file coords.txt (compact mmCIF, N, CA and C atoms)
# COMPACT_ATOMS: atom_id res chain seq x y z
N PRO A 1 -206.59 -27.37 280.31
CA PRO A 1 -207.60 -28.34 280.69
C PRO A 1 -207.14 -29.77 280.36
N SER A 2 -207.58 -30.70 281.16
CA SER A 2 -207.22 -32.10 280.93
C SER A 2 -208.09 -32.70 279.84
N PRO A 3 -207.61 -33.76 279.16
CA PRO A 3 -208.40 -34.40 278.10
C PRO A 3 -209.72 -34.92 278.64
N ALA A 4 -210.72 -34.96 277.76
CA ALA A 4 -212.03 -35.51 278.13
C ALA A 4 -211.89 -37.00 278.43
N PRO A 5 -212.70 -37.54 279.33
CA PRO A 5 -212.63 -38.98 279.59
C PRO A 5 -212.98 -39.76 278.34
N PRO A 6 -212.50 -41.00 278.24
CA PRO A 6 -212.78 -41.78 277.04
C PRO A 6 -214.27 -41.95 276.81
N GLY A 7 -214.67 -41.81 275.57
CA GLY A 7 -216.06 -42.03 275.20
C GLY A 7 -216.21 -43.44 274.66
N PRO A 8 -217.36 -43.74 274.09
CA PRO A 8 -217.53 -45.05 273.49
C PRO A 8 -216.60 -45.21 272.29
N CYS A 9 -216.28 -46.42 271.96
CA CYS A 9 -215.40 -46.70 270.82
C CYS A 9 -215.97 -46.10 269.54
N GLN A 10 -215.15 -45.34 268.83
CA GLN A 10 -215.60 -44.78 267.55
C GLN A 10 -215.80 -45.89 266.53
N ARG A 11 -216.80 -45.75 265.72
CA ARG A 11 -217.09 -46.70 264.65
C ARG A 11 -217.12 -45.93 263.34
N PHE A 12 -216.91 -46.64 262.25
CA PHE A 12 -216.92 -45.99 260.94
C PHE A 12 -218.34 -45.84 260.41
N HIS A 13 -218.59 -44.73 259.75
CA HIS A 13 -219.86 -44.45 259.09
C HIS A 13 -219.98 -45.34 257.85
N GLY A 14 -221.18 -45.69 257.48
CA GLY A 14 -221.39 -46.55 256.31
C GLY A 14 -221.01 -45.91 254.99
N ARG A 15 -220.94 -44.58 254.95
CA ARG A 15 -220.52 -43.91 253.71
C ARG A 15 -219.00 -43.93 253.65
N CYS A 16 -218.48 -44.67 252.70
CA CYS A 16 -217.04 -44.77 252.57
C CYS A 16 -216.69 -44.97 251.10
N GLY A 17 -215.41 -44.94 250.79
CA GLY A 17 -214.94 -45.09 249.42
C GLY A 17 -215.23 -46.47 248.86
N GLN A 18 -215.30 -46.54 247.53
CA GLN A 18 -215.65 -47.80 246.88
C GLN A 18 -214.57 -48.86 247.04
N ASN A 19 -213.36 -48.49 247.43
CA ASN A 19 -212.28 -49.47 247.63
C ASN A 19 -212.05 -49.81 249.10
N VAL A 20 -213.08 -49.59 249.93
CA VAL A 20 -212.99 -49.85 251.36
C VAL A 20 -214.03 -50.89 251.76
N ALA A 21 -213.63 -51.82 252.60
CA ALA A 21 -214.56 -52.77 253.23
C ALA A 21 -214.58 -52.46 254.71
N LEU A 22 -215.77 -52.26 255.25
CA LEU A 22 -215.90 -52.00 256.68
C LEU A 22 -216.06 -53.32 257.43
N GLY A 23 -215.48 -53.38 258.62
CA GLY A 23 -215.58 -54.57 259.46
C GLY A 23 -216.94 -54.64 260.14
N ALA A 24 -217.14 -55.70 260.88
CA ALA A 24 -218.39 -55.91 261.60
C ALA A 24 -218.70 -54.72 262.50
N GLU A 25 -219.90 -54.23 262.43
CA GLU A 25 -220.38 -53.11 263.23
C GLU A 25 -219.55 -51.84 263.06
N GLY A 26 -218.81 -51.73 261.95
CA GLY A 26 -218.05 -50.52 261.67
C GLY A 26 -216.83 -50.33 262.54
N LEU A 27 -216.32 -51.40 263.16
CA LEU A 27 -215.18 -51.27 264.06
C LEU A 27 -213.84 -51.26 263.35
N GLY A 28 -213.79 -51.58 262.09
CA GLY A 28 -212.53 -51.56 261.35
C GLY A 28 -212.80 -51.26 259.89
N ALA A 29 -211.74 -50.91 259.17
CA ALA A 29 -211.85 -50.63 257.74
C ALA A 29 -210.59 -51.13 257.07
N ALA A 30 -210.72 -51.62 255.84
CA ALA A 30 -209.57 -52.11 255.09
C ALA A 30 -209.72 -51.73 253.63
N ARG A 31 -208.60 -51.37 253.02
CA ARG A 31 -208.58 -51.12 251.57
C ARG A 31 -208.60 -52.48 250.89
N VAL A 32 -209.51 -52.63 249.93
CA VAL A 32 -209.64 -53.92 249.25
C VAL A 32 -209.13 -53.89 247.81
N ALA A 33 -208.95 -52.72 247.25
CA ALA A 33 -208.46 -52.63 245.87
C ALA A 33 -208.02 -51.20 245.59
N GLY A 34 -207.17 -51.07 244.59
CA GLY A 34 -206.84 -49.76 244.04
C GLY A 34 -206.15 -48.79 244.98
N TYR A 35 -205.74 -47.70 244.39
CA TYR A 35 -205.00 -46.66 245.10
C TYR A 35 -205.93 -45.56 245.59
N CYS A 36 -206.95 -45.22 244.81
CA CYS A 36 -207.87 -44.12 245.14
C CYS A 36 -209.11 -44.66 245.85
N HIS A 37 -210.00 -43.76 246.18
CA HIS A 37 -211.33 -44.08 246.73
C HIS A 37 -211.24 -44.87 248.03
N GLY A 38 -210.41 -44.39 248.96
CA GLY A 38 -210.23 -45.08 250.22
C GLY A 38 -210.60 -44.25 251.44
N LEU A 39 -211.50 -43.28 251.31
CA LEU A 39 -211.87 -42.44 252.45
C LEU A 39 -212.86 -43.15 253.38
N VAL A 40 -212.71 -42.91 254.67
CA VAL A 40 -213.66 -43.37 255.66
C VAL A 40 -213.97 -42.21 256.60
N PHE A 41 -215.12 -42.29 257.27
CA PHE A 41 -215.56 -41.27 258.22
C PHE A 41 -216.00 -41.95 259.50
N SER A 42 -215.91 -41.25 260.61
CA SER A 42 -216.44 -41.80 261.85
C SER A 42 -217.96 -41.64 261.86
N ARG A 43 -218.62 -42.51 262.58
CA ARG A 43 -220.08 -42.50 262.66
C ARG A 43 -220.57 -41.35 263.54
N SER A 44 -219.79 -40.97 264.53
CA SER A 44 -220.21 -39.89 265.42
C SER A 44 -219.07 -38.88 265.58
N HIS A 45 -219.41 -37.73 266.11
CA HIS A 45 -218.43 -36.65 266.25
C HIS A 45 -217.54 -36.87 267.47
N LEU A 46 -216.43 -36.17 267.47
CA LEU A 46 -215.56 -36.15 268.64
C LEU A 46 -216.02 -35.03 269.56
N ARG A 47 -216.00 -35.28 270.83
CA ARG A 47 -216.33 -34.23 271.80
C ARG A 47 -215.13 -33.31 271.96
N PRO A 48 -215.33 -32.05 272.33
CA PRO A 48 -214.20 -31.16 272.55
C PRO A 48 -213.21 -31.78 273.54
N GLY A 49 -211.94 -31.81 273.17
CA GLY A 49 -210.91 -32.36 274.02
C GLY A 49 -210.79 -33.88 273.98
N GLU A 50 -211.68 -34.56 273.26
CA GLU A 50 -211.63 -36.03 273.21
C GLU A 50 -210.43 -36.49 272.38
N LEU A 51 -209.72 -37.47 272.88
CA LEU A 51 -208.59 -38.05 272.16
C LEU A 51 -209.08 -39.24 271.34
N PHE A 52 -208.39 -39.52 270.24
CA PHE A 52 -208.71 -40.69 269.44
C PHE A 52 -207.42 -41.29 268.93
N GLU A 53 -207.51 -42.54 268.54
CA GLU A 53 -206.33 -43.28 268.10
C GLU A 53 -206.59 -43.84 266.70
N VAL A 54 -205.58 -43.74 265.85
CA VAL A 54 -205.61 -44.39 264.54
C VAL A 54 -204.60 -45.51 264.59
N ARG A 55 -205.07 -46.72 264.38
CA ARG A 55 -204.19 -47.90 264.48
C ARG A 55 -204.08 -48.55 263.10
N ILE A 56 -202.86 -48.71 262.63
CA ILE A 56 -202.61 -49.42 261.38
C ILE A 56 -202.18 -50.83 261.76
N GLU A 57 -203.00 -51.80 261.40
CA GLU A 57 -202.75 -53.17 261.85
C GLU A 57 -202.05 -54.03 260.81
N ALA A 58 -202.00 -53.58 259.56
CA ALA A 58 -201.32 -54.37 258.52
C ALA A 58 -200.89 -53.44 257.39
N LEU A 59 -199.83 -53.81 256.71
CA LEU A 59 -199.34 -53.06 255.56
C LEU A 59 -199.41 -53.96 254.33
N ASP A 60 -199.63 -53.34 253.19
CA ASP A 60 -199.63 -54.06 251.91
C ASP A 60 -198.40 -53.60 251.15
N GLU A 61 -197.49 -54.49 250.91
CA GLU A 61 -196.22 -54.15 250.28
C GLU A 61 -196.36 -53.71 248.82
N ARG A 62 -197.54 -53.88 248.23
CA ARG A 62 -197.74 -53.46 246.83
C ARG A 62 -197.83 -51.95 246.70
N TRP A 63 -198.08 -51.24 247.81
CA TRP A 63 -198.29 -49.80 247.75
C TRP A 63 -197.21 -49.06 248.52
N ALA A 64 -196.82 -47.92 248.00
CA ALA A 64 -195.92 -47.01 248.70
C ALA A 64 -196.62 -45.66 248.72
N GLY A 65 -196.70 -45.05 249.85
CA GLY A 65 -197.39 -43.77 249.92
C GLY A 65 -197.52 -43.31 251.35
N SER A 66 -198.62 -42.69 251.66
CA SER A 66 -198.81 -42.14 252.98
C SER A 66 -200.25 -42.30 253.43
N VAL A 67 -200.46 -42.04 254.70
CA VAL A 67 -201.80 -42.02 255.28
C VAL A 67 -202.13 -40.56 255.54
N ARG A 68 -203.31 -40.17 255.16
CA ARG A 68 -203.76 -38.80 255.41
C ARG A 68 -204.89 -38.83 256.41
N LEU A 69 -204.90 -37.87 257.30
CA LEU A 69 -205.92 -37.80 258.33
C LEU A 69 -206.46 -36.38 258.36
N GLY A 70 -207.76 -36.26 258.41
CA GLY A 70 -208.37 -34.94 258.48
C GLY A 70 -209.56 -34.97 259.42
N LEU A 71 -209.93 -33.82 259.94
CA LEU A 71 -211.07 -33.70 260.82
C LEU A 71 -212.02 -32.65 260.26
N THR A 72 -213.30 -32.86 260.46
CA THR A 72 -214.30 -31.91 260.02
C THR A 72 -215.40 -31.82 261.06
N SER A 73 -216.14 -30.73 261.05
CA SER A 73 -217.25 -30.58 261.99
C SER A 73 -218.57 -30.99 261.34
N LEU A 74 -218.55 -31.42 260.09
CA LEU A 74 -219.77 -31.79 259.38
C LEU A 74 -219.89 -33.30 259.24
N PRO A 75 -221.11 -33.85 259.40
CA PRO A 75 -221.29 -35.29 259.18
C PRO A 75 -221.19 -35.63 257.70
N PRO A 76 -220.86 -36.89 257.37
CA PRO A 76 -220.80 -37.29 255.96
C PRO A 76 -222.12 -36.97 255.25
N GLY A 77 -222.02 -36.43 254.06
CA GLY A 77 -223.21 -36.09 253.29
C GLY A 77 -223.68 -34.67 253.48
N GLN A 78 -223.15 -33.95 254.47
CA GLN A 78 -223.50 -32.55 254.67
C GLN A 78 -222.26 -31.71 254.38
N GLY A 79 -222.45 -30.61 253.72
CA GLY A 79 -221.32 -29.75 253.38
C GLY A 79 -221.00 -29.87 251.90
N PRO A 80 -219.85 -29.34 251.49
CA PRO A 80 -219.52 -29.37 250.07
C PRO A 80 -219.37 -30.81 249.57
N PRO A 81 -219.75 -31.06 248.33
CA PRO A 81 -219.60 -32.42 247.81
C PRO A 81 -218.14 -32.82 247.77
N GLY A 82 -217.88 -34.06 248.13
CA GLY A 82 -216.52 -34.56 248.12
C GLY A 82 -216.19 -35.14 246.77
N PRO A 83 -215.00 -35.71 246.65
CA PRO A 83 -214.62 -36.32 245.38
C PRO A 83 -215.55 -37.49 245.06
N PRO A 84 -215.80 -37.77 243.78
CA PRO A 84 -216.67 -38.88 243.43
C PRO A 84 -216.12 -40.19 243.98
N ASN A 85 -216.99 -41.01 244.46
CA ASN A 85 -216.65 -42.34 245.01
C ASN A 85 -215.72 -42.29 246.21
N LEU A 86 -215.55 -41.12 246.78
CA LEU A 86 -214.73 -40.93 247.98
C LEU A 86 -213.35 -41.50 247.81

call {"tool": "encode", "arguments": {"input": "coords.txt", "output": "structure tokens"}}
result
Amino acid sequence: PSPAPPGPCQRFHGRCGQNVALGAEGLGAARVAGYCHGLVFSRSHLRPGELFEVRIEALDERWAGSVRLGLTSLPPGQGPPGPPNL
């Protein structure tokens, strides 16, 4: 099957890690401090077959590490409790 047609632009959910600042209307996210507590979630679910893009627009030379990406079928706040402060 072919990919689903593009949906509306994904936005970030207001529940995020304590070291994250969300951009206007949830369209972007940036780490503002520290190494931990940098999780973000999308505001809405992905439709079956929907494609999405993760864009890294800037790097901070103070940190060396990796980006982790995960998908879940549960909205933020539902399901097993996550790590404290995300």

call {"tool": "atom_distance", "arguments": {"input": "coords.txt", "atom1": "atom C of Cys36 of chain A", "atom2": "atom N of Phe52 of chain A"}}
result
24.9 Å

call {"tool": "atom_distance", "arguments": {"input": "coords.txt", "atom1": "atom C of Leu46 of chain A", "atom2": "atom N of His13 of chain A"}}
result
14.0 Å

call {"tool": "atom_distance", "arguments": {"input": "coords.txt", "atom1": "atom CA of Arg15 of chain A", "atom2": "atom N of Gly38 of chain A"}}
result
11.2 Å

call {"tool": "closest_residue", "arguments": {"input": "coords.txt", "among": "A:Leu59, A:Ala33, A:Val54, A:Leu69", "to": "Ala21 of chain A", "atoms": "all atoms listed in the file"}}
result
A:Ala33

call {"tool": "closest_residue", "arguments": {"input": "coords.txt", "among": "A:Pro48, A:Glu61, A:Arg43, A:Ala29", "to": "Pro75 of chain A", "atoms": "all atoms listed in the file"}}
result
A:Arg43

call {"tool": "closest_residue", "arguments": {"input": "coords.txt", "among": "A:Arg55, A:Arg11, A:His45, A:Arg31", "to": "Thr72 of chain A", "atoms": "only C-alpha atoms"}}
result
A:His45

call {"tool": "closest_residue", "arguments": {"input": "coords.txt", "among": "A:Glu57, A:Phe12, A:Phe41, A:Ala64", "to": "Gly28 of chain A", "atoms": "all atoms listed in the file"}}
result
A:Phe12
